[in-house]
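Inspection log for the structure reproduced underneath, given as structure tokens.
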Amino acid sequence: CTPPPSLPSSPQGRPGAMTSVALASRRAWRVDVVRCSAAFTSSAGGVPACASGCGSSRPSRRFATVALSKERMKEFIRAELAYFAQQTPEPLRLDQIVRASTPAKVARLLHRELPSRFAVRVAHIESLEGWTEHAELVRLREIFAESFSQLRLAAPQLEGNPQAEDLAPYTEVIASLRARHRPVTALLGEALRNMRREEAPEGEASIQAWTDTFFNSRISTEMLTKHYVAIIQSPPGQASRKVGVVDTKCNPGQICQEAALEVMKSLAAESSHGDGAPQFQINVFAKHCTHSGTDIEIPYIPQYLFYIVQELLRNSAR
């Protein structure tokens with residue numbers, strides 16, 4: 001077996017050995033030496049068969065770890081980052097989130113979706129002219145590149161039907177990722193303030209478009225990781241109207257009412273009168289279902305609906 005071009009050869013170049021390195025087309029970061037335990041010949045019809053007579057059409061394998069230098073591993077990570085950055089992640093649908101209702105399903109969803117989304121975000125930062133001159137953007141790029149690297153180095157156990165305890169190592173990676181991303185909003189805010197001070201007025205539109213793309217991408221990954229944590233922490237077998245971050249019976253009228261109260265409260269606190277009294281009233285009219293006569297309920301993520309309505313009302317009130 002011949003190693004792929006540019007990849008390290010098998011130890012001592014032994015015949016019958018193949019070195020496989022997990023690059024962009026592979027699933028996990030692992031360097032294995034795979035050796036056939038028996039000679040294989042071609043049987044009738046060209047189907048390979050074990051010469052030892054076991055009847056197997058595939059070689060049995062054993063694995064030996066090959067150590068890579070830190071610099072060589074960085075090269076592989078950079079190759080994967082460049083590969084995944086060329087992908088175009090599809091917008092997440094609510095039904096995808098709802099279907100990821102078990103530890104195994106949500107782990108598969110994250111393993112499939114997160115790497116490309118972080119790689120694309122790294123490329124998005126690098127697409128901004130002069131990004132290296134802003135320390136906050138450099139730090140943001142480091143954060144997302146590190147998260148991408150950790151995700152590619154920690155493939156979850158997906159064979160069979162893994163439970164929460166089987167996914168503990170992957171859960172640690174997701175928890176570490178979420179902690180690493182806490183300063184993202186503050187860093188981006190500071191970077192935007194600095195860029196707007198330096199940018200000519202005609203460049204404001206391009207900065208805003210870049211920012212919108214960044215935040216849309218961040219919402220997707222934040223929702224995915226939060227959903228994963230919620231599913232992993234859910235007691236197994238317990239019936240609930242919630243599936244991770246999704247409330248299957250979300251009451252939009254109630255969410256709008258809560259958002260309205262929060263906006264009135266916050267703007268009253270910011271009022272120049274300083275007495276904390278609301279300066280206006282927001283009235284919410286929630287209709288009932290025309291068929292059942294009960295409150296309207298839909299499957300949705302209450303947190304994000306609340307944020308959307310809150311921002312709309314706040315901007316309107318100002």
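By order in the structure tokens, chains are A, B, ...; within a chain, residues start at 1; ligands start at 1, following the order shown.
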> Near Ala135 (chain A), within 12 Å and counting only C-alpha atoms, which residues show up once chain neighbours fewer than 2 positions away are dropped, as a ChimeraX atom specification?
Replying inline: /A:130-133,137-142,187-188,190-192,194-195
>> Neighbouring residues of Ser176 (chain A) were defined as those with any atom within 12 Å, considering only C-alpha atoms; residues of the same chain fewer than 6 positions away were excluded. Please report them as a list of chain:residue names.
In response: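 Returned residues: A:Ile143, A:Glu146, A:Ser147, A:Gln150, A:Leu151, A:Pro169, A:Tyr170, A:Arg182, A:Thr225, A:Val229.
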> By how many Å are CA of Pro252 (chain A) and CA of Ser220 (chain A) apart?
Replying inline: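 About the pair CA of Pro252 (chain A) and CA of Ser220 (chain A): they are 21.0 Å apart.
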>> Just list as an MDAnalysis selection string whatever in region 81-269 of chain A DSSP marks as alpha helix (DSSP H).
In response: chainID A and resid 81:85 94:99 103:126 135:153 168:180 184:198 204:233 252:269
>> If we count only C-alpha atoms and set the cut-off at 10 Å, which residues sit around Trp210 (chain A), ignoring sequence neighbours fewer than 5 positions away in its own chain? Please answer as a ChimeraX atom specification.
In response: /A:124-125,127-128,204-205,215
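With distances restricted to only C-alpha atoms, A:Pro103 is the closest residue to Pro235 (chain A) from A:Pro103, A:Tyr83, A:Glu198, A:Val309.
With only C-alpha atoms as the atoms that count, the residue of A:Ile219, A:Lys287, A:Glu270, A:Pro302 with the shortest distance to Lys249 (chain A) is A:Pro302.
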>> Can you pull out the residues contacting Asn216 (chain A)? Cut-off 12 Å, using only C-alpha atoms, and skip same-chain residues under 3 positions away; I want them as a ChimeraX atom specification.
In response: /A:89-92,117,121,209-213,219-223
>> I'd like the contact shell of Arg108 (chain A) - 10 Å cut-off, only C-alpha atoms, skipping same-chain residues fewer than 4 positions apart - returned as number ranges by chain.
In response: A: 100, 102-104, 112-113, 155-158
Keeping only N, CA, C and O atoms, write the selected residues to a file as a PDB file, in the first residue's frame.
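The resulting file, out-v8.pdb, is shown below:
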```pdb
ATOM      1  N   ALA A 100     -33.013  16.309  16.655  1.00  0.00           N
ATOM      2  CA  ALA A 100     -31.803  15.979  17.427  1.00  0.00           C
ATOM      3  C   ALA A 100     -32.176  15.932  18.899  1.00  0.00           C
ATOM      4  O   ALA A 100     -31.781  16.769  19.709  1.00  0.00           O
ATOM      5  N   THR A 102     -31.886  13.196  21.112  1.00  0.00           N
ATOM      6  CA  THR A 102     -31.175  12.265  21.991  1.00  0.00           C
ATOM      7  C   THR A 102     -29.694  12.606  21.973  1.00  0.00           C
ATOM      8  O   THR A 102     -29.220  13.293  21.046  1.00  0.00           O
ATOM      9  N   PRO A 103     -28.926  12.142  22.961  1.00  0.00           N
ATOM     10  CA  PRO A 103     -27.482  12.421  22.954  1.00  0.00           C
ATOM     11  C   PRO A 103     -26.803  12.001  21.659  1.00  0.00           C
ATOM     12  O   PRO A 103     -25.969  12.741  21.121  1.00  0.00           O
ATOM     13  N   ALA A 104     -27.155  10.837  21.137  1.00  0.00           N
ATOM     14  CA  ALA A 104     -26.525  10.351  19.904  1.00  0.00           C
ATOM     15  C   ALA A 104     -26.861  11.262  18.721  1.00  0.00           C
ATOM     16  O   ALA A 104     -25.983  11.639  17.938  1.00  0.00           O
ATOM     17  N   ARG A 112     -21.350  17.143  12.491  1.00  0.00           N
ATOM     18  CA  ARG A 112     -21.512  17.457  11.070  1.00  0.00           C
ATOM     19  C   ARG A 112     -21.496  18.966  10.803  1.00  0.00           C
ATOM     20  O   ARG A 112     -20.938  19.421   9.799  1.00  0.00           O
ATOM     21  N   GLU A 113     -22.078  19.749  11.692  1.00  0.00           N
ATOM     22  CA  GLU A 113     -22.316  21.160  11.406  1.00  0.00           C
ATOM     23  C   GLU A 113     -21.239  22.124  11.928  1.00  0.00           C
ATOM     24  O   GLU A 113     -20.920  23.115  11.273  1.00  0.00           O
ATOM     25  N   ALA A 155     -13.403  13.651  17.818  1.00  0.00           N
ATOM     26  CA  ALA A 155     -14.606  13.083  17.214  1.00  0.00           C
ATOM     27  C   ALA A 155     -15.392  12.318  18.271  1.00  0.00           C
ATOM     28  O   ALA A 155     -14.823  11.525  19.018  1.00  0.00           O
ATOM     29  N   PRO A 156     -16.707  12.540  18.359  1.00  0.00           N
ATOM     30  CA  PRO A 156     -17.507  11.831  19.383  1.00  0.00           C
ATOM     31  C   PRO A 156     -17.684  10.356  19.048  1.00  0.00           C
ATOM     32  O   PRO A 156     -17.559   9.946  17.891  1.00  0.00           O
ATOM     33  N   GLN A 157     -17.977   9.573  20.064  1.00  0.00           N
ATOM     34  CA  GLN A 157     -18.284   8.163  19.889  1.00  0.00           C
ATOM     35  C   GLN A 157     -19.699   8.042  19.321  1.00  0.00           C
ATOM     36  O   GLN A 157     -20.676   8.275  20.030  1.00  0.00           O
ATOM     37  N   LEU A 158     -19.795   7.690  18.048  1.00  0.00           N
ATOM     38  CA  LEU A 158     -21.097   7.685  17.384  1.00  0.00           C
ATOM     39  C   LEU A 158     -21.564   6.292  16.991  1.00  0.00           C
ATOM     40  O   LEU A 158     -22.641   6.143  16.414  1.00  0.00           O
TER      41      LEU A 158
END
```
> Which residues come within 10 Å of Gln254 (chain A), counting only C-alpha atoms, excluding same-chain residues fewer than 6 positions away, as a ChimeraX atom specification?
Replying inline: /A:260,284-286,295-297,302,306
Residues as selected, N, CA and C atoms, written as a PDB file, in the first residue's frame, can you do that?
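Just written: again26.pdb:
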```pdb
ATOM      1  N   ALA A 260     -42.273  42.993  26.132  1.00  0.00           N
ATOM      2  CA  ALA A 260     -42.805  44.346  26.291  1.00  0.00           C
ATOM      3  C   ALA A 260     -42.533  44.878  27.695  1.00  0.00           C
ATOM      4  N   VAL A 284     -49.993  44.425  24.486  1.00  0.00           N
ATOM      5  CA  VAL A 284     -49.885  43.221  23.662  1.00  0.00           C
ATOM      6  C   VAL A 284     -51.269  42.584  23.546  1.00  0.00           C
ATOM      7  N   PHE A 285     -51.697  42.353  22.311  1.00  0.00           N
ATOM      8  CA  PHE A 285     -52.988  41.708  22.068  1.00  0.00           C
ATOM      9  C   PHE A 285     -52.715  40.338  21.448  1.00  0.00           C
ATOM     10  N   ALA A 286     -52.898  39.298  22.211  1.00  0.00           N
ATOM     11  CA  ALA A 286     -52.644  37.933  21.741  1.00  0.00           C
ATOM     12  C   ALA A 286     -53.973  37.238  21.471  1.00  0.00           C
ATOM     13  N   ASP A 295     -54.960  29.373  23.831  1.00  0.00           N
ATOM     14  CA  ASP A 295     -53.794  30.156  23.434  1.00  0.00           C
ATOM     15  C   ASP A 295     -53.063  29.486  22.275  1.00  0.00           C
ATOM     16  N   ILE A 296     -52.527  30.306  21.411  1.00  0.00           N
ATOM     17  CA  ILE A 296     -51.744  29.783  20.285  1.00  0.00           C
ATOM     18  C   ILE A 296     -50.409  29.257  20.817  1.00  0.00           C
ATOM     19  N   GLU A 297     -50.063  28.057  20.428  1.00  0.00           N
ATOM     20  CA  GLU A 297     -48.805  27.443  20.841  1.00  0.00           C
ATOM     21  C   GLU A 297     -48.094  26.881  19.622  1.00  0.00           C
ATOM     22  N   PRO A 302     -37.925  29.830  22.721  1.00  0.00           N
ATOM     23  CA  PRO A 302     -38.412  31.036  23.406  1.00  0.00           C
ATOM     24  C   PRO A 302     -37.347  32.123  23.553  1.00  0.00           C
ATOM     25  N   PHE A 306     -37.860  35.909  22.176  1.00  0.00           N
ATOM     26  CA  PHE A 306     -37.843  37.004  23.137  1.00  0.00           C
ATOM     27  C   PHE A 306     -36.862  38.091  22.693  1.00  0.00           C
TER      28      PHE A 306
END
```
>> So that I can check the surroundings of Val246 (chain A), please list as a PyMOL selection string every protein, DNA and RNA residue that reaches within 12 Å of it, counting only C-alpha atoms and ignoring chain neighbours fewer than 5 positions away.
In response: chain A and resi 93-101+223-224+226-228+230-231+240-241+251+298-305
>> I'd like to know which of A:Ala186, A:Ile232, A:Leu114, A:Leu313 is closest to Glu172 (chain A), using only C-alpha atoms.
In response: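 For Glu172 (chain A), the nearest of the given residues is A:Ile232.
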> A:Cys256, A:Arg218, A:Asp247, A:Phe76: which is nearest Leu153 (chain A), counting only C-alpha atoms?
Replying inline: A:Phe76
